[in-house]
file upload37.cif (mmCIF, C-alpha atoms)
data_coords
#
loop_
_atom_site.label_atom_id
_atom_site.label_comp_id
_atom_site.auth_asym_id
_atom_site.auth_seq_id
_atom_site.Cartn_x
_atom_site.Cartn_y
_atom_site.Cartn_z
CA MET F 19 35.44 76.13 -39.20
CA GLY F 20 33.10 74.13 -37.07
CA GLY F 21 33.06 70.36 -37.03
CA TRP F 22 30.09 68.07 -36.84
CA PRO F 23 28.17 68.42 -33.56
CA SER F 24 29.21 65.73 -31.14
CA ARG F 25 26.66 63.08 -30.26
CA PRO F 26 25.64 62.84 -26.64
CA ALA F 27 27.21 59.85 -24.91
CA GLN F 28 24.85 56.90 -24.80
CA LYS F 29 23.92 55.66 -21.37
CA PRO F 30 24.93 52.05 -20.81
CA LEU F 31 22.05 49.60 -20.79
CA PRO F 32 21.09 48.36 -17.33
CA PRO F 33 22.16 44.80 -16.60
CA SER F 34 19.64 42.13 -17.49
CA PRO F 35 17.58 40.88 -14.53
CA THR F 36 17.86 37.34 -15.91
CA LEU F 37 20.68 34.94 -16.67
CA ARG F 38 21.16 33.68 -20.24
CA GLU F 39 20.59 30.07 -19.19
CA PRO F 40 18.72 28.57 -16.22
CA TRP F 41 21.04 27.31 -13.47
CA ARG F 42 18.67 24.44 -12.57
CA ASP F 43 16.80 22.29 -15.09
CA VAL F 44 13.03 21.88 -15.04
CA CYS F 45 11.15 19.77 -17.60
CA TRP F 46 8.54 22.41 -18.37
CA GLY F 47 5.41 21.10 -20.03
CA ASN F 48 6.16 17.55 -18.89
CA LYS F 49 4.81 17.30 -15.36
CA GLU F 50 3.26 13.85 -15.88
CA GLU F 51 6.38 11.90 -14.83
CA ASP F 52 6.61 13.65 -11.44
CA LEU F 53 2.83 13.49 -11.03
CA GLN F 54 2.80 9.74 -11.63
CA TYR F 55 5.75 9.26 -9.25
CA VAL F 56 3.94 11.06 -6.44
CA LYS F 57 0.61 9.34 -7.09
CA GLU F 58 2.19 5.88 -7.07
CA TYR F 59 4.31 6.37 -3.93
CA GLU F 60 3.82 3.86 -1.10
CA PRO F 61 6.04 3.54 2.01
CA GLU F 62 7.93 0.25 2.04
CA SER F 63 7.89 -0.05 5.84
CA LYS F 64 4.93 -2.04 7.18
CA ASP F 65 4.96 0.09 10.36
CA ILE F 66 4.38 3.31 8.44
CA LYS F 67 0.99 3.98 6.88
CA HIS F 68 1.84 7.51 5.84
CA LEU F 69 4.91 9.70 5.54
CA ARG F 70 4.57 12.75 7.81
CA ILE F 71 5.79 16.14 6.57
CA LEU F 72 6.00 18.97 9.13
CA LEU F 73 5.91 22.54 7.81
CA TYR F 74 7.33 25.39 9.89
CA GLY F 75 8.46 28.94 9.29
CA PRO F 76 7.66 32.62 9.91
CA VAL F 77 4.07 33.86 10.02
CA GLY F 78 2.54 34.42 6.59
CA ALA F 79 5.11 32.38 4.66
CA GLY F 80 2.42 30.27 2.96
CA LYS F 81 2.43 26.95 4.85
CA SER F 82 -1.34 26.36 4.66
CA SER F 83 -1.43 27.64 1.09
CA PHE F 84 1.21 25.10 0.12
CA ILE F 85 -0.93 22.25 1.48
CA ASN F 86 -3.87 23.52 -0.57
CA SER F 87 -1.64 23.86 -3.63
CA VAL F 88 -0.43 20.25 -3.33
CA SER F 89 -4.05 19.14 -3.10
CA ASN F 90 -4.87 21.17 -6.22
CA VAL F 91 -2.04 19.58 -8.20
CA LEU F 92 -2.96 16.01 -7.27
CA LEU F 93 -6.72 16.45 -7.73
CA GLY F 94 -6.33 18.47 -10.91
CA ARG F 95 -8.70 21.16 -9.62
CA MET F 96 -8.99 23.83 -6.94
CA SER F 97 -9.46 22.61 -3.33
CA ILE F 98 -9.02 24.00 0.19
CA PRO F 99 -8.23 21.26 2.74
CA ALA F 100 -6.33 23.77 4.92
CA ALA F 101 -7.79 27.13 5.94
CA ALA F 102 -5.40 29.89 4.85
CA SER F 103 -5.36 33.64 5.27
CA ALA F 104 -5.90 35.63 2.07
CA LYS F 105 -3.46 38.34 3.12
CA GLY F 106 -0.11 38.56 4.84
CA SER F 107 -0.45 38.82 8.57
CA GLU F 108 1.76 39.53 11.54
CA LYS F 109 -0.13 36.92 13.57
CA SER F 110 -0.46 33.24 12.80
CA PHE F 111 -3.71 32.10 11.17
CA THR F 112 -3.08 28.48 12.26
CA LYS F 113 -3.90 27.88 15.93
CA LYS F 114 -3.85 24.11 16.42
CA TYR F 115 -1.89 21.02 15.43
CA GLU F 116 -3.73 19.41 12.57
CA THR F 117 -2.92 16.62 10.14
CA TYR F 118 -3.94 17.22 6.53
CA LYS F 119 -4.53 14.21 4.33
CA ILE F 120 -4.39 14.73 0.59
CA ARG F 121 -7.39 13.16 -1.10
CA LYS F 122 -7.02 10.98 -4.15
CA GLU F 123 -9.32 11.31 -7.13
CA ASN F 124 -11.37 8.37 -5.81
CA PRO F 125 -13.64 9.47 -2.95
CA LYS F 126 -12.61 8.61 0.62
CA THR F 127 -9.13 7.47 -0.41
CA PHE F 128 -5.95 9.38 0.47
CA HIS F 129 -2.30 9.53 -0.53
CA PRO F 130 0.14 7.85 1.90
CA PHE F 131 1.74 11.13 2.97
CA VAL F 132 0.33 13.81 5.26
CA PHE F 133 1.18 17.38 6.18
CA ASN F 134 1.21 18.95 9.62
CA ASP F 135 0.75 22.70 9.78
CA ILE F 136 1.65 24.61 12.94
CA MET F 137 1.51 28.19 14.18
CA GLY F 138 4.06 30.46 12.55
CA LEU F 139 7.25 31.58 14.24
CA GLU F 140 7.01 35.12 15.61
CA GLU F 141 9.55 37.60 16.92
CA ASP F 142 8.34 37.79 20.53
CA SER F 143 8.78 34.83 22.86
CA TYR F 144 5.14 35.02 23.97
CA CYS F 145 3.74 34.95 20.41
CA GLY F 146 3.54 32.24 17.77
CA VAL F 147 4.27 28.58 18.28
CA HIS F 148 6.43 27.68 21.26
CA LEU F 149 9.78 26.14 20.33
CA GLY F 150 9.18 23.28 22.75
CA ASP F 151 5.94 22.34 20.97
CA ILE F 152 7.71 21.96 17.63
CA LYS F 153 10.32 19.72 19.24
CA LEU F 154 7.58 17.57 20.78
CA ALA F 155 5.74 17.44 17.43
CA MET F 156 8.84 16.09 15.70
CA LYS F 157 8.95 13.25 18.24
CA GLY F 158 5.22 12.53 17.79
CA HIS F 159 4.16 13.72 21.25
CA VAL F 160 1.55 16.28 20.09
CA ARG F 161 -1.98 14.94 19.69
CA GLU F 162 -4.25 15.86 16.82
CA ASN F 163 -6.11 19.19 17.29
CA HIS F 164 -3.95 20.29 20.23
CA LYS F 165 -4.41 24.06 20.54
CA PHE F 166 -1.09 25.85 20.80
CA ASN F 167 -0.39 28.16 23.74
CA PRO F 168 2.55 30.46 22.95
CA VAL F 169 3.28 31.17 26.63
CA SER F 170 2.79 27.64 27.95
CA PRO F 171 4.29 24.74 25.97
CA LEU F 172 2.78 21.29 26.06
CA SER F 173 3.85 19.10 28.99
CA SER F 174 3.50 15.39 29.75
CA GLY F 175 0.39 15.79 31.93
CA ASP F 176 -1.63 17.76 29.38
CA PRO F 177 -4.54 16.24 27.37
CA GLY F 178 -2.79 17.19 24.13
CA TYR F 179 0.32 15.17 25.03
CA ASN F 180 0.83 11.79 23.36
CA PRO F 181 2.99 9.72 25.77
CA GLU F 182 3.55 6.74 23.46
CA PRO F 183 3.89 7.93 19.86
CA SER F 184 3.93 5.35 17.09
CA ALA F 185 6.28 5.48 14.11
CA ASP F 186 3.35 7.01 12.20
CA ASP F 187 3.01 9.86 14.71
CA LYS F 188 6.62 10.99 14.32
CA VAL F 189 7.81 13.49 11.73
CA HIS F 190 9.72 12.00 8.78
CA VAL F 191 10.77 15.17 6.96
CA LEU F 192 10.98 18.78 8.17
CA VAL F 193 10.26 21.56 5.69
CA CYS F 194 11.04 25.22 6.32
CA VAL F 195 8.67 27.56 4.46
CA LEU F 196 9.98 31.04 3.66
CA SER F 197 8.55 33.85 1.54
CA ALA F 198 10.74 35.37 -1.17
CA ASN F 199 8.74 38.57 -0.82
CA SER F 200 9.15 39.06 2.93
CA ALA F 201 11.34 41.54 4.75
CA GLU F 202 14.55 40.42 6.44
CA ILE F 203 13.90 37.71 9.02
CA LYS F 204 14.30 38.97 12.58
CA GLU F 205 17.23 37.65 14.59
CA SER F 206 14.96 36.14 17.26
CA VAL F 207 13.05 34.17 14.60
CA LEU F 208 16.31 33.00 13.02
CA GLN F 209 17.45 31.73 16.41
CA LYS F 210 14.22 29.75 16.80
CA MET F 211 14.74 28.28 13.34
CA ALA F 212 18.32 27.34 14.22
CA ASP F 213 17.13 25.59 17.40
CA ILE F 214 14.49 23.66 15.43
CA ARG F 215 17.06 22.58 12.85
CA GLU F 216 19.44 21.45 15.57
CA GLU F 217 16.74 19.33 17.21
CA ALA F 218 15.81 17.78 13.87
CA SER F 219 19.48 17.03 13.19
CA ASP F 220 19.79 15.30 16.56
CA LEU F 221 16.78 13.16 15.63
CA GLY F 222 18.17 12.44 12.18
CA ILE F 223 15.14 14.00 10.46
CA PRO F 224 15.92 15.19 6.90
CA GLN F 225 15.38 18.88 6.22
CA MET F 226 14.65 21.06 3.22
CA ALA F 227 13.00 24.38 2.39
CA ILE F 228 10.51 25.86 -0.03
CA MET F 229 10.58 29.53 -1.00
CA THR F 230 7.11 30.86 -1.79
CA ASN F 231 5.78 34.02 -3.46
CA ILE F 232 8.46 34.05 -6.17
CA ASP F 233 6.03 35.76 -8.54
CA GLU F 234 5.50 38.66 -6.12
CA ALA F 235 9.23 38.99 -5.41
CA CYS F 236 10.41 39.12 -9.03
CA GLY F 237 8.81 40.85 -12.00
CA GLU F 238 10.47 38.52 -14.51
CA THR F 239 9.07 35.48 -12.73
CA GLU F 240 5.66 37.11 -12.49
CA LYS F 241 5.66 37.65 -16.25
CA ASN F 242 6.77 34.09 -16.94
CA LEU F 243 7.17 31.47 -14.20
CA ARG F 244 9.68 29.65 -16.38
CA ASN F 245 12.16 32.46 -15.63
CA VAL F 246 12.43 31.24 -12.03
CA TYR F 247 15.87 29.67 -12.50
CA LYS F 248 17.02 32.51 -14.75
CA SER F 249 16.03 35.24 -12.30
CA LYS F 250 19.07 36.79 -10.62
CA HIS F 251 16.86 38.10 -7.82
CA VAL F 252 15.33 34.71 -7.02
CA LYS F 253 18.77 33.06 -7.06
CA LYS F 254 20.13 35.73 -4.69
CA LYS F 255 17.18 35.25 -2.33
CA MET F 256 17.83 31.50 -2.32
CA LYS F 257 21.53 32.05 -1.60
CA ASP F 258 20.66 34.45 1.21
CA PHE F 259 18.19 31.93 2.69
CA SER F 260 20.80 29.20 2.45
CA ALA F 261 23.46 31.29 4.19
CA THR F 262 21.07 32.58 6.85
CA VAL F 263 19.12 29.41 7.66
CA GLY F 264 21.86 26.89 6.89
CA ILE F 265 19.95 24.74 4.39
CA PRO F 266 21.99 23.82 1.28
CA MET F 267 20.94 25.31 -2.05
CA ASN F 268 20.11 21.89 -3.51
CA CYS F 269 17.55 21.44 -0.71
CA ILE F 270 15.76 24.75 -1.40
CA PHE F 271 12.91 24.84 -3.91
CA PRO F 272 11.31 28.06 -5.19
CA ILE F 273 7.59 27.66 -5.79
CA LYS F 274 4.42 29.61 -6.41
CA ASN F 275 1.36 28.65 -4.38
CA TYR F 276 -2.05 28.81 -5.99
CA SER F 277 -3.64 32.07 -4.82
CA LYS F 278 -5.63 34.02 -7.40
CA GLU F 279 -6.00 31.26 -10.00
CA ILE F 280 -9.23 29.35 -10.52
CA ASP F 281 -7.77 26.81 -12.96
CA ILE F 282 -4.77 24.49 -12.85
CA ASN F 283 -1.53 25.81 -14.36
CA ASP F 284 1.10 23.33 -15.57
CA ASP F 285 4.07 25.57 -14.73
CA VAL F 286 2.85 26.12 -11.17
CA ASP F 287 2.34 22.36 -10.87
CA SER F 288 5.84 21.57 -12.15
CA LEU F 289 7.56 23.56 -9.40
CA ILE F 290 5.29 22.18 -6.66
CA LEU F 291 5.80 18.60 -7.86
CA SER F 292 9.57 19.07 -7.96
CA ALA F 293 9.55 20.09 -4.28
CA LEU F 294 7.00 17.43 -3.27
CA ARG F 295 8.95 14.64 -4.94
CA CYS F 296 12.04 15.63 -2.97
CA MET F 297 10.03 15.65 0.29
CA ILE F 298 8.83 12.13 -0.44
CA ASP F 299 12.33 10.90 -1.33
CA PHE F 300 13.93 12.43 1.78
CA GLY F 301 11.16 11.18 4.06
CA ASP F 302 11.18 7.69 2.55
CA ASP F 303 14.94 7.42 3.05
CA PHE F 304 14.45 8.32 6.72
CA ILE F 305 11.58 5.84 7.17
CA ASN F 306 13.72 3.03 5.78
CA LYS F 307 16.40 3.73 8.40
CA ILE F 308 14.15 3.66 11.48
#

call {"tool": "encode", "arguments": {"input": "upload37.cif", "output": "structure tokens"}}
result
Amino acid sequence: MGGWPSRPAQKPLPPSPTLREPWRDVCWGNKEEDLQYVKEYEPESKDIKHLRILLYGPVGAGKSSFINSVSNVLLGRMSIPAAASAKGSEKSFTKKYETYKIRKENPKTFHPFVFNDIMGLEEDSYCGVHLGDIKLAMKGHVRENHKFNPVSPLSSGDPGYNPEPSADDKVHVLVCVLSANSAEIKESVLQKMADIREEASDLGIPQMAIMTNIDEACGETEKNLRNVYKSKHVKKKMKDFSATVGIPMNCIFPIKNYSKEIDINDDVDSLILSALRCMIDFGDDFINKI
């Protein structure tokens, strides 16, 4: 006598790519509080007209795109104050030291914080921004529009050298920009980043990081940006960045830069504003100590 045919064993379901609950809270759909905070910010120090934010990181991480994205958020429309490459590149698109002011909605008026974009860090010692130039920039010694020379760092006799920097010229917060969708960072680049962080620490400059391209790195985040703090992949990337670069998790902010959009998106804005508010807070704390 034959029994009932046995059922084939069911394959176990693959683990979910997302956590049940987000591990960091974001007030989705309520960006107005952060937007108002940023728009109303003014440095308390009379010696400081604007808070200076220096962006650094590997080539193609999205430094210039972040500046444009901040401008988009605060203007409420698309804008391009900083030229950015439309595709990932092995060579830096930024060639000179330039200060980017973020325009207010009223013409010819600007927010009291500025961004400095520099050449990206590259693997070879003769490519990308020279480590010495970043150290000089943090101290305010690099003049506006100085063209970077990867093989010859700025020295005190050069036209691009600022011998007597004001408090305004100096960097008040240092932001590392990393792409969640990039390959493993080369050891030589990591060493440059470690040297930059050490110099900033010696100067007392606060440091944080933003992790870009989270939509390209994670399918769940691409489908819905609100999955960013549920995504196991994004959290792992952040943990890896923290362990590798040495920046604490609570100082790392995953964001999506504006790239293919032609209209403002509230969820994109919320993540950018969260990071920007922290930059302002960290920088303002530093200003009040100097």

call {"tool": "residues_around", "arguments": {"input": "upload37.cif", "residues": "Pro35 (chain F)", "least_positions_apart": "3", "cutoff": "8 Å", "atoms": "only C-alpha atoms", "output": "list in words"}}
result
Glu238, Ser249, Lys250 and His251 of chain F

call {"tool": "residues_around", "arguments": {"input": "upload37.cif", "residues": "Pro61 (chain F)", "least_positions_apart": "5", "cutoff": "7 Å", "atoms": "only C-alpha atoms", "output": "list in words"}}
result
Ile66, His68 and Asp302 of chain F

call {"tool": "write_last_selection", "arguments": {"input": "upload37.cif", "atoms": "C-alpha atoms", "output": "tab-separated table (two decimals), keeping the file's coordinate frame"}}
result
chain	number	residue	atom	x	y	z
F	66	ILE	CA	4.38	3.31	8.44
F	68	HIS	CA	1.84	7.51	5.84
F	302	ASP	CA	11.18	7.69	2.55

call {"tool": "resolve_selection", "arguments": {"input": "upload37.cif", "expression": "the PyMOL selection byres ((chain F and resi 55) around 12)", "output": "PyMOL selection string"}}
result
chain F and resi 49-54+56-60+92+129+291-292+294-296+298-299

call {"tool": "closest_residue", "arguments": {"input": "upload37.cif", "among": "F:Gly150, F:Pro224, F:Pro125, F:Gly75", "to": "Phe304 (chain F)", "atoms": "all atoms listed in the file"}}
result
F:Pro224

call {"tool": "residues_around", "arguments": {"input": "upload37.cif", "residues": "region 258-264 of chain F", "least_positions_apart": "4", "cutoff": "8 Å", "atoms": "only C-alpha atoms", "output": "NGL selection string"}}
result
:F and (208 or 211-212 or 254 or 270)

call {"tool": "atom_distance", "arguments": {"input": "upload37.cif", "atom1": "CA of Gly237 (chain F)", "atom2": "CA of Ala79 (chain F)"}}
result
19.1 Å

call {"tool": "atom_distance", "arguments": {"input": "upload37.cif", "atom1": "CA of Phe84 (chain F)", "atom2": "CA of Tyr276 (chain F)"}}
result
7.9 Å

call {"tool": "atom_distance", "arguments": {"input": "upload37.cif", "atom1": "CA of Leu72 (chain F)", "atom2": "CA of Leu221 (chain F)"}}
result
13.9 Å

call {"tool": "resolve_selection", "arguments": {"input": "upload37.cif", "expression": "the PyMOL selection byres ((chain F and resi 117) around 10)", "output": "PDB file with C-alpha atoms, keeping the file's coordinate frame"}}
result
ATOM      1  CA  ARG F  70       4.570  12.750   7.810  1.00  0.00           C
ATOM      2  CA  ILE F  71       5.790  16.140   6.570  1.00  0.00           C
ATOM      3  CA  LEU F  72       6.000  18.970   9.130  1.00  0.00           C
ATOM      4  CA  ALA F 100      -6.330  23.770   4.920  1.00  0.00           C
ATOM      5  CA  LYS F 114      -3.850  24.110  16.420  1.00  0.00           C
ATOM      6  CA  TYR F 115      -1.890  21.020  15.430  1.00  0.00           C
ATOM      7  CA  GLU F 116      -3.730  19.410  12.570  1.00  0.00           C
ATOM      8  CA  TYR F 118      -3.940  17.220   6.530  1.00  0.00           C
ATOM      9  CA  LYS F 119      -4.530  14.210   4.330  1.00  0.00           C
ATOM     10  CA  ILE F 120      -4.390  14.730   0.590  1.00  0.00           C
ATOM     11  CA  VAL F 132       0.330  13.810   5.260  1.00  0.00           C
ATOM     12  CA  PHE F 133       1.180  17.380   6.180  1.00  0.00           C
ATOM     13  CA  ASN F 134       1.210  18.950   9.620  1.00  0.00           C
ATOM     14  CA  ASP F 135       0.750  22.700   9.780  1.00  0.00           C
ATOM     15  CA  ILE F 136       1.650  24.610  12.940  1.00  0.00           C
ATOM     16  CA  ARG F 161      -1.980  14.940  19.690  1.00  0.00           C
ATOM     17  CA  GLU F 162      -4.250  15.860  16.820  1.00  0.00           C
ATOM     18  CA  ASN F 163      -6.110  19.190  17.290  1.00  0.00           C
TER      19      ASN F 163
END

call {"tool": "resolve_selection", "arguments": {"input": "upload37.cif", "expression": "the PyMOL selection byres ((chain F and resi 226-230) around 10)", "output": "PyMOL selection string"}}
result
chain F and resi 73-75+79-81+83-84+191-200+224-225+231-235+252+255-256+259-260+263-275+290+293-294+296-297+300

call {"tool": "closest_atom_pairs", "arguments": {"input": "upload37.cif", "of": "region 150-251 of chain F", "to": "region 38-42 of chain F", "cutoff": "9 Å", "atoms": "only C-alpha atoms", "output": "CSV"}}
result
residue,atom,partner,partner_atom,distance
F:Asn245,CA,F:Pro40,CA,7.6
F:Val246,CA,F:Pro40,CA,8.0
F:Tyr247,CA,F:Pro40,CA,4.8
F:Lys248,CA,F:Pro40,CA,4.5
F:Ser249,CA,F:Pro40,CA,8.2

call {"tool": "residues_near_point", "arguments": {"input": "upload37.cif", "point": "(-4.6, 26.2, -13.2)", "cutoff": "9 Å", "atoms": "only C-alpha atoms", "output": "list in words"}}
result
Asn90, Val91, Gly94, Arg95, Met96, Tyr276, Glu279, Ile280, Asp281, Ile282, Asn283, Asp284, Asp285, Val286 and Asp287 of chain F

call {"tool": "residues_around", "arguments": {"input": "upload37.cif", "residues": "Lys188 (chain F)", "least_positions_apart": "4", "cutoff": "7 Å", "atoms": "all atoms listed in the file", "output": "ChimeraX atom specification"}}
result
/F:156-158,183-184
